[in-house]
Amino acid sequence: MNNIIKYAFLFIFLVLLQAGVLSHLNLFGFLNPFLYIYLLITLPLSTPRIYMLWIGFALGLSIDMLLNTPGLHTIPTTFIAFIRNQVAQKSLVRGELEGIKVPTVFTMGFSAFVTYAGILVVLHHSILFFLDAFGFHHFFAVLLNTVYSSMLTMSLIILIQFLFVSRKRIEMY
Amino acid sequence: MRRLINLIYKYHLFLLFLLLELLGFILLLNNRYQRAAIVNSTNAVTGGYFSAIENMQEYLNLKQENDKLQKENAKLRSTILNFPVLEENLRFFEIDTNVVIIPAKIISGQISNNHNYFMINKGSKDGIRPDMGVISEDVVVGITTRVSTAYSLLLPVINVNSKISAKIKKNNYKASLIWDGVDYRYAKLIDIPNHLELFPGDTIVTSGYSFYFPPGLLLGTVSEYYHDEGANFNHAKVKLFADFDALQNVYLIDNYHQNQQDSLLNSATHE
């Protein structure tokens, strides 16, 4: 129960942060991180997949409503919510998901977490940018945008992991 | 029947996934082809949130905005001082007094998408209607699309659906200004007659042929000119005057003649 309230707050906080601040950064004129998918990356792995789908859909839709981009964020966010558990499974070298409740740098190990989060971020961003361009007209411009934005989002995710997720609290889950 | 239910149960997760993605695509395509957003945030809750954020951000740009307004003030003052002279010259012309200017503030907006929209803090209660021209000083910003009571959405020049009737200032030739979604600082001038020679620095202004904007408002300057071999028209890359990254104060042009002009055009095309 406690956990549900915690994640509900994280949901609202990330949506407001994304729509109010992060989507207006426009670093170097065009670069924005999409940190709100942090929620989907760190939800407990035991979350029923049907809830994951609905959470992903609701998250994307909330962002879309605030940014006036109907569907643009809903589609990639629902997609990564759907494939998240498989990606987590594949990213672990030893393939032991049982012992891990929450995917973090400390529970999964640095390289496994970076692989896991990286795959989700790159998939999300590339779907997002190619949907926005609506095809492959400016293929290389869009690709470059995807690469830079993914790197930005990933650095933020890792920064948050080291700053706000403590080893001790993880053991309590 | 039983097998069907079993099958649905077995794949219910995947079916839900397909359903949600389908919903997403319906939203996306609807938005693309209707020009205005269905799920739009021009309502009280989100509008209030963006207003609060804008209030905070306003302090950061205070000095810059102040300078801009002061410059504009000075320009208007000089116009007033010159007015007796102008009046003398304009005595035989009927001055159009049907244009009303409404000030507004941009409270949220995107410049990194292809389908960018901006939100302003004025709505139908302030006299805003869809299809009003939006300017900043004498630079074109865009057109209003969706209006709620307290907020409205505008379609800026930097939206791939935007198309503005323009002309080349030095020789009054007509062309169209569109945006290709690459860089928010540059737009594309198309339908330039083949025989024209344009040079970097040539000014592009509104033509006044559409009723959104009066003629002569600034759009941008030519930065590169392209000859399209074998085509009747050329195109050019245009550096926009409006800095969409730092836009705050805008003005809306309310043209009372617009409805009459529109209906006149409609009746003419139906004959």
# chains A, B, ... in the order shown; residues from 1 in each chain; ligands from 1
call {"tool": "closest_atom_pairs", "arguments": {"of": "chain A", "to": "chain B", "cutoff": "6 Å", "atoms": "only C-alpha atoms", "output": "tab-separated table"}}
result
residue	atom	partner	partner_atom	distance
A:Phe30	CA	B:Ser112	CA	5.3
A:Met65	CA	B:Val39	CA	5.6
A:Leu66	CA	B:Ser41	CA	5.6
A:Asn68	CA	B:Asn40	CA	5.3
A:Pro70	CA	B:Leu28	CA	5.4
A:Gly71	CA	B:Gly24	CA	4.4
A:Thr74	CA	B:Gly24	CA	5.7
A:Ile75	CA	B:Gly24	CA	5.4
call {"tool": "write_last_selection", "arguments": {"atoms": "N, CA and C atoms", "output": "short mmCIF file (atom, residue, chain, number, x, y, z; two decimals), in the first residue's frame"}}
result
data_model
loop_
_atom_site.label_atom_id
_atom_site.label_comp_id
_atom_site.auth_asym_id
_atom_site.auth_seq_id
_atom_site.Cartn_x
_atom_site.Cartn_y
_atom_site.Cartn_z
N PHE A 30 17.62 22.37 -29.47
CA PHE A 30 16.66 21.33 -29.83
C PHE A 30 16.63 20.13 -28.89
N MET A 65 -1.36 15.08 -23.13
CA MET A 65 -2.38 16.09 -22.87
C MET A 65 -1.74 17.42 -22.48
N LEU A 66 -0.65 17.33 -21.71
CA LEU A 66 0.00 18.57 -21.28
C LEU A 66 0.80 19.23 -22.40
N ASN A 68 0.22 18.86 -25.69
CA ASN A 68 -0.55 18.99 -26.94
C ASN A 68 0.04 18.16 -28.08
N PRO A 70 -1.11 14.69 -29.06
CA PRO A 70 -1.89 13.46 -28.89
C PRO A 70 -1.25 12.25 -29.55
N GLY A 71 -1.06 11.18 -28.79
CA GLY A 71 -0.57 9.92 -29.34
C GLY A 71 0.94 9.82 -29.43
N THR A 74 2.16 8.52 -26.13
CA THR A 74 1.40 7.35 -25.70
C THR A 74 1.92 6.09 -26.39
N ILE A 75 2.21 6.17 -27.67
CA ILE A 75 2.61 4.98 -28.43
C ILE A 75 3.95 4.40 -27.94
#
call {"tool": "residues_around", "arguments": {"residues": "A:Ile100", "least_positions_apart": "6", "cutoff": "8 Å", "atoms": "only C-alpha atoms", "output": "number ranges by chain"}}
result
A: 45, 107-108
call {"tool": "atom_distance", "arguments": {"atom1": "atom CA of B:Gln64", "atom2": "atom CA of B:Tyr251"}}
result
17.6 Å
call {"tool": "residues_around", "arguments": {"residues": "stretch 148-152 of chain A", "least_positions_apart": "6", "cutoff": "9 Å", "atoms": "only C-alpha atoms", "output": "list in words"}}
result
Leu31, Asn32, Pro33, Phe34, Gly118, Val121, Val122, His124, His125 and Ser126 of chain A
call {"tool": "write_last_selection", "arguments": {"atoms": "N, CA, C and O atoms", "output": "PDB file, in the first residue's frame"}}
result
ATOM      1  N   LEU A  31      17.594  20.020 -27.968  1.00  0.00           N
ATOM      2  CA  LEU A  31      17.715  18.806 -27.176  1.00  0.00           C
ATOM      3  C   LEU A  31      16.861  18.823 -25.905  1.00  0.00           C
ATOM      4  O   LEU A  31      16.977  19.733 -25.098  1.00  0.00           O
ATOM      5  N   ASN A  32      16.012  17.814 -25.736  1.00  0.00           N
ATOM      6  CA  ASN A  32      15.260  17.668 -24.502  1.00  0.00           C
ATOM      7  C   ASN A  32      15.403  16.249 -23.956  1.00  0.00           C
ATOM      8  O   ASN A  32      15.319  15.297 -24.717  1.00  0.00           O
ATOM      9  N   PRO A  33      15.613  16.090 -22.621  1.00  0.00           N
ATOM     10  CA  PRO A  33      15.586  14.745 -22.058  1.00  0.00           C
ATOM     11  C   PRO A  33      14.134  14.327 -21.804  1.00  0.00           C
ATOM     12  O   PRO A  33      13.279  15.176 -21.586  1.00  0.00           O
ATOM     13  N   PHE A  34      13.869  13.034 -21.881  1.00  0.00           N
ATOM     14  CA  PHE A  34      12.514  12.557 -21.564  1.00  0.00           C
ATOM     15  C   PHE A  34      12.606  11.658 -20.341  1.00  0.00           C
ATOM     16  O   PHE A  34      12.568  10.439 -20.433  1.00  0.00           O
ATOM     17  N   GLY A 118      19.174   1.495 -21.021  1.00  0.00           N
ATOM     18  CA  GLY A 118      19.584   2.025 -22.318  1.00  0.00           C
ATOM     19  C   GLY A 118      18.716   1.524 -23.450  1.00  0.00           C
ATOM     20  O   GLY A 118      18.275   2.299 -24.297  1.00  0.00           O
ATOM     21  N   VAL A 121      15.320   3.220 -23.210  1.00  0.00           N
ATOM     22  CA  VAL A 121      15.382   4.646 -23.560  1.00  0.00           C
ATOM     23  C   VAL A 121      15.541   4.829 -25.069  1.00  0.00           C
ATOM     24  O   VAL A 121      14.824   5.607 -25.693  1.00  0.00           O
ATOM     25  N   VAL A 122      16.475   4.065 -25.663  1.00  0.00           N
ATOM     26  CA  VAL A 122      16.714   4.222 -27.105  1.00  0.00           C
ATOM     27  C   VAL A 122      15.471   3.830 -27.904  1.00  0.00           C
ATOM     28  O   VAL A 122      15.065   4.530 -28.837  1.00  0.00           O
ATOM     29  N   HIS A 124      12.317   3.880 -26.876  1.00  0.00           N
ATOM     30  CA  HIS A 124      11.304   4.920 -26.645  1.00  0.00           C
ATOM     31  C   HIS A 124      11.595   6.163 -27.481  1.00  0.00           C
ATOM     32  O   HIS A 124      10.725   6.668 -28.190  1.00  0.00           O
ATOM     33  N   HIS A 125      12.848   6.646 -27.424  1.00  0.00           N
ATOM     34  CA  HIS A 125      13.183   7.889 -28.116  1.00  0.00           C
ATOM     35  C   HIS A 125      13.098   7.731 -29.625  1.00  0.00           C
ATOM     36  O   HIS A 125      12.642   8.628 -30.314  1.00  0.00           O
ATOM     37  N   SER A 126      13.563   6.576 -30.139  1.00  0.00           N
ATOM     38  CA  SER A 126      13.541   6.466 -31.606  1.00  0.00           C
ATOM     39  C   SER A 126      12.110   6.383 -32.125  1.00  0.00           C
ATOM     40  O   SER A 126      11.779   7.009 -33.131  1.00  0.00           O
TER      41      SER A 126
END
call {"tool": "residues_around", "arguments": {"residues": "stretch 131-138 of chain B", "least_positions_apart": "6", "cutoff": "6 Å", "atoms": "only C-alpha atoms", "output": "ChimeraX atom specification"}}
result
/B:144-145,212-213,217,250-253
call {"tool": "atom_distance", "arguments": {"atom1": "atom CA of B:Val141", "atom2": "atom CA of B:Asn121"}}
result
15.4 Å
call {"tool": "residues_around", "arguments": {"residues": "B:Gly220", "least_positions_apart": "5", "cutoff": "12 Å", "atoms": "only C-alpha atoms", "output": "ChimeraX atom specification"}}
result
/B:138-141,157,166-169,177-178,185-189,200-206,236-243
call {"tool": "select_by_dssp", "arguments": {"residues": "stretch 44-243 of chain B", "states": "alpha helix (DSSP H)", "output": "VMD selection string"}}
result
chain B and resid 44 to 58 62 to 81 83 to 89
call {"tool": "write_last_selection", "arguments": {"atoms": "C-alpha atoms", "output": "mmCIF file, in the first residue's frame"}}
result
data_model
loop_
_atom_site.group_PDB
_atom_site.id
_atom_site.type_symbol
_atom_site.label_atom_id
_atom_site.label_comp_id
_atom_site.auth_asym_id
_atom_site.auth_seq_id
_atom_site.Cartn_x
_atom_site.Cartn_y
_atom_site.Cartn_z
ATOM 1 C CA ALA B 44 -8.403 25.268 -16.576
ATOM 2 C CA VAL B 45 -6.221 22.709 -14.782
ATOM 3 C CA THR B 46 -3.288 22.469 -17.175
ATOM 4 C CA GLY B 47 -3.601 26.119 -18.121
ATOM 5 C CA GLY B 48 -3.315 27.048 -14.460
ATOM 6 C CA TYR B 49 -0.219 24.869 -14.070
ATOM 7 C CA PHE B 50 1.544 26.441 -17.043
ATOM 8 C CA SER B 51 0.561 29.935 -15.872
ATOM 9 C CA ALA B 52 2.195 29.238 -12.510
ATOM 10 C CA ILE B 53 5.404 28.053 -14.187
ATOM 11 C CA GLU B 54 5.385 30.985 -16.569
ATOM 12 C CA ASN B 55 5.014 33.347 -13.609
ATOM 13 C CA MET B 56 8.239 31.960 -12.176
ATOM 14 C CA GLN B 57 10.105 32.034 -15.475
ATOM 15 C CA GLU B 58 9.027 35.591 -16.159
ATOM 16 C CA LEU B 62 12.580 40.437 -17.023
ATOM 17 C CA LYS B 63 15.478 42.558 -18.204
ATOM 18 C CA GLN B 64 15.394 41.295 -21.767
ATOM 19 C CA GLU B 65 11.632 41.769 -22.062
ATOM 20 C CA ASN B 66 11.915 45.215 -20.547
ATOM 21 C CA ASP B 67 14.465 46.261 -23.160
ATOM 22 C CA LYS B 68 12.253 44.953 -25.919
ATOM 23 C CA LEU B 69 9.174 46.782 -24.682
ATOM 24 C CA GLN B 70 11.154 49.958 -24.194
ATOM 25 C CA LYS B 71 12.397 49.827 -27.772
ATOM 26 C CA GLU B 72 8.879 49.278 -29.017
ATOM 27 C CA ASN B 73 7.678 52.159 -26.871
ATOM 28 C CA ALA B 74 10.275 54.440 -28.360
ATOM 29 C CA LYS B 75 9.224 53.441 -31.850
ATOM 30 C CA LEU B 76 5.564 54.116 -31.090
ATOM 31 C CA ARG B 77 6.461 57.475 -29.559
ATOM 32 C CA SER B 78 8.301 58.521 -32.667
ATOM 33 C CA THR B 79 5.278 57.488 -34.719
ATOM 34 C CA ILE B 80 3.058 59.688 -32.556
ATOM 35 C CA LEU B 81 5.447 62.621 -32.963
ATOM 36 C CA PHE B 83 1.652 61.772 -36.773
ATOM 37 C CA PRO B 84 0.763 65.323 -37.894
ATOM 38 C CA VAL B 85 2.977 64.776 -40.932
ATOM 39 C CA LEU B 86 1.441 61.379 -41.588
ATOM 40 C CA GLU B 87 -2.036 62.772 -41.203
ATOM 41 C CA GLU B 88 -1.268 65.400 -43.773
ATOM 42 C CA ASN B 89 -0.154 62.724 -46.189
#
call {"tool": "select_by_dssp", "arguments": {"residues": "stretch 157-256 of chain B", "states": "strand (DSSP E or B)", "output": "PyMOL selection string"}}
result
chain B and resi 159+163-168+174-178+186-193+203-206+218-226+233-240+249-255
call {"tool": "atom_distance", "arguments": {"atom1": "atom CA of B:Leu247", "atom2": "atom CA of B:Ile120"}}
result
11.1 Å
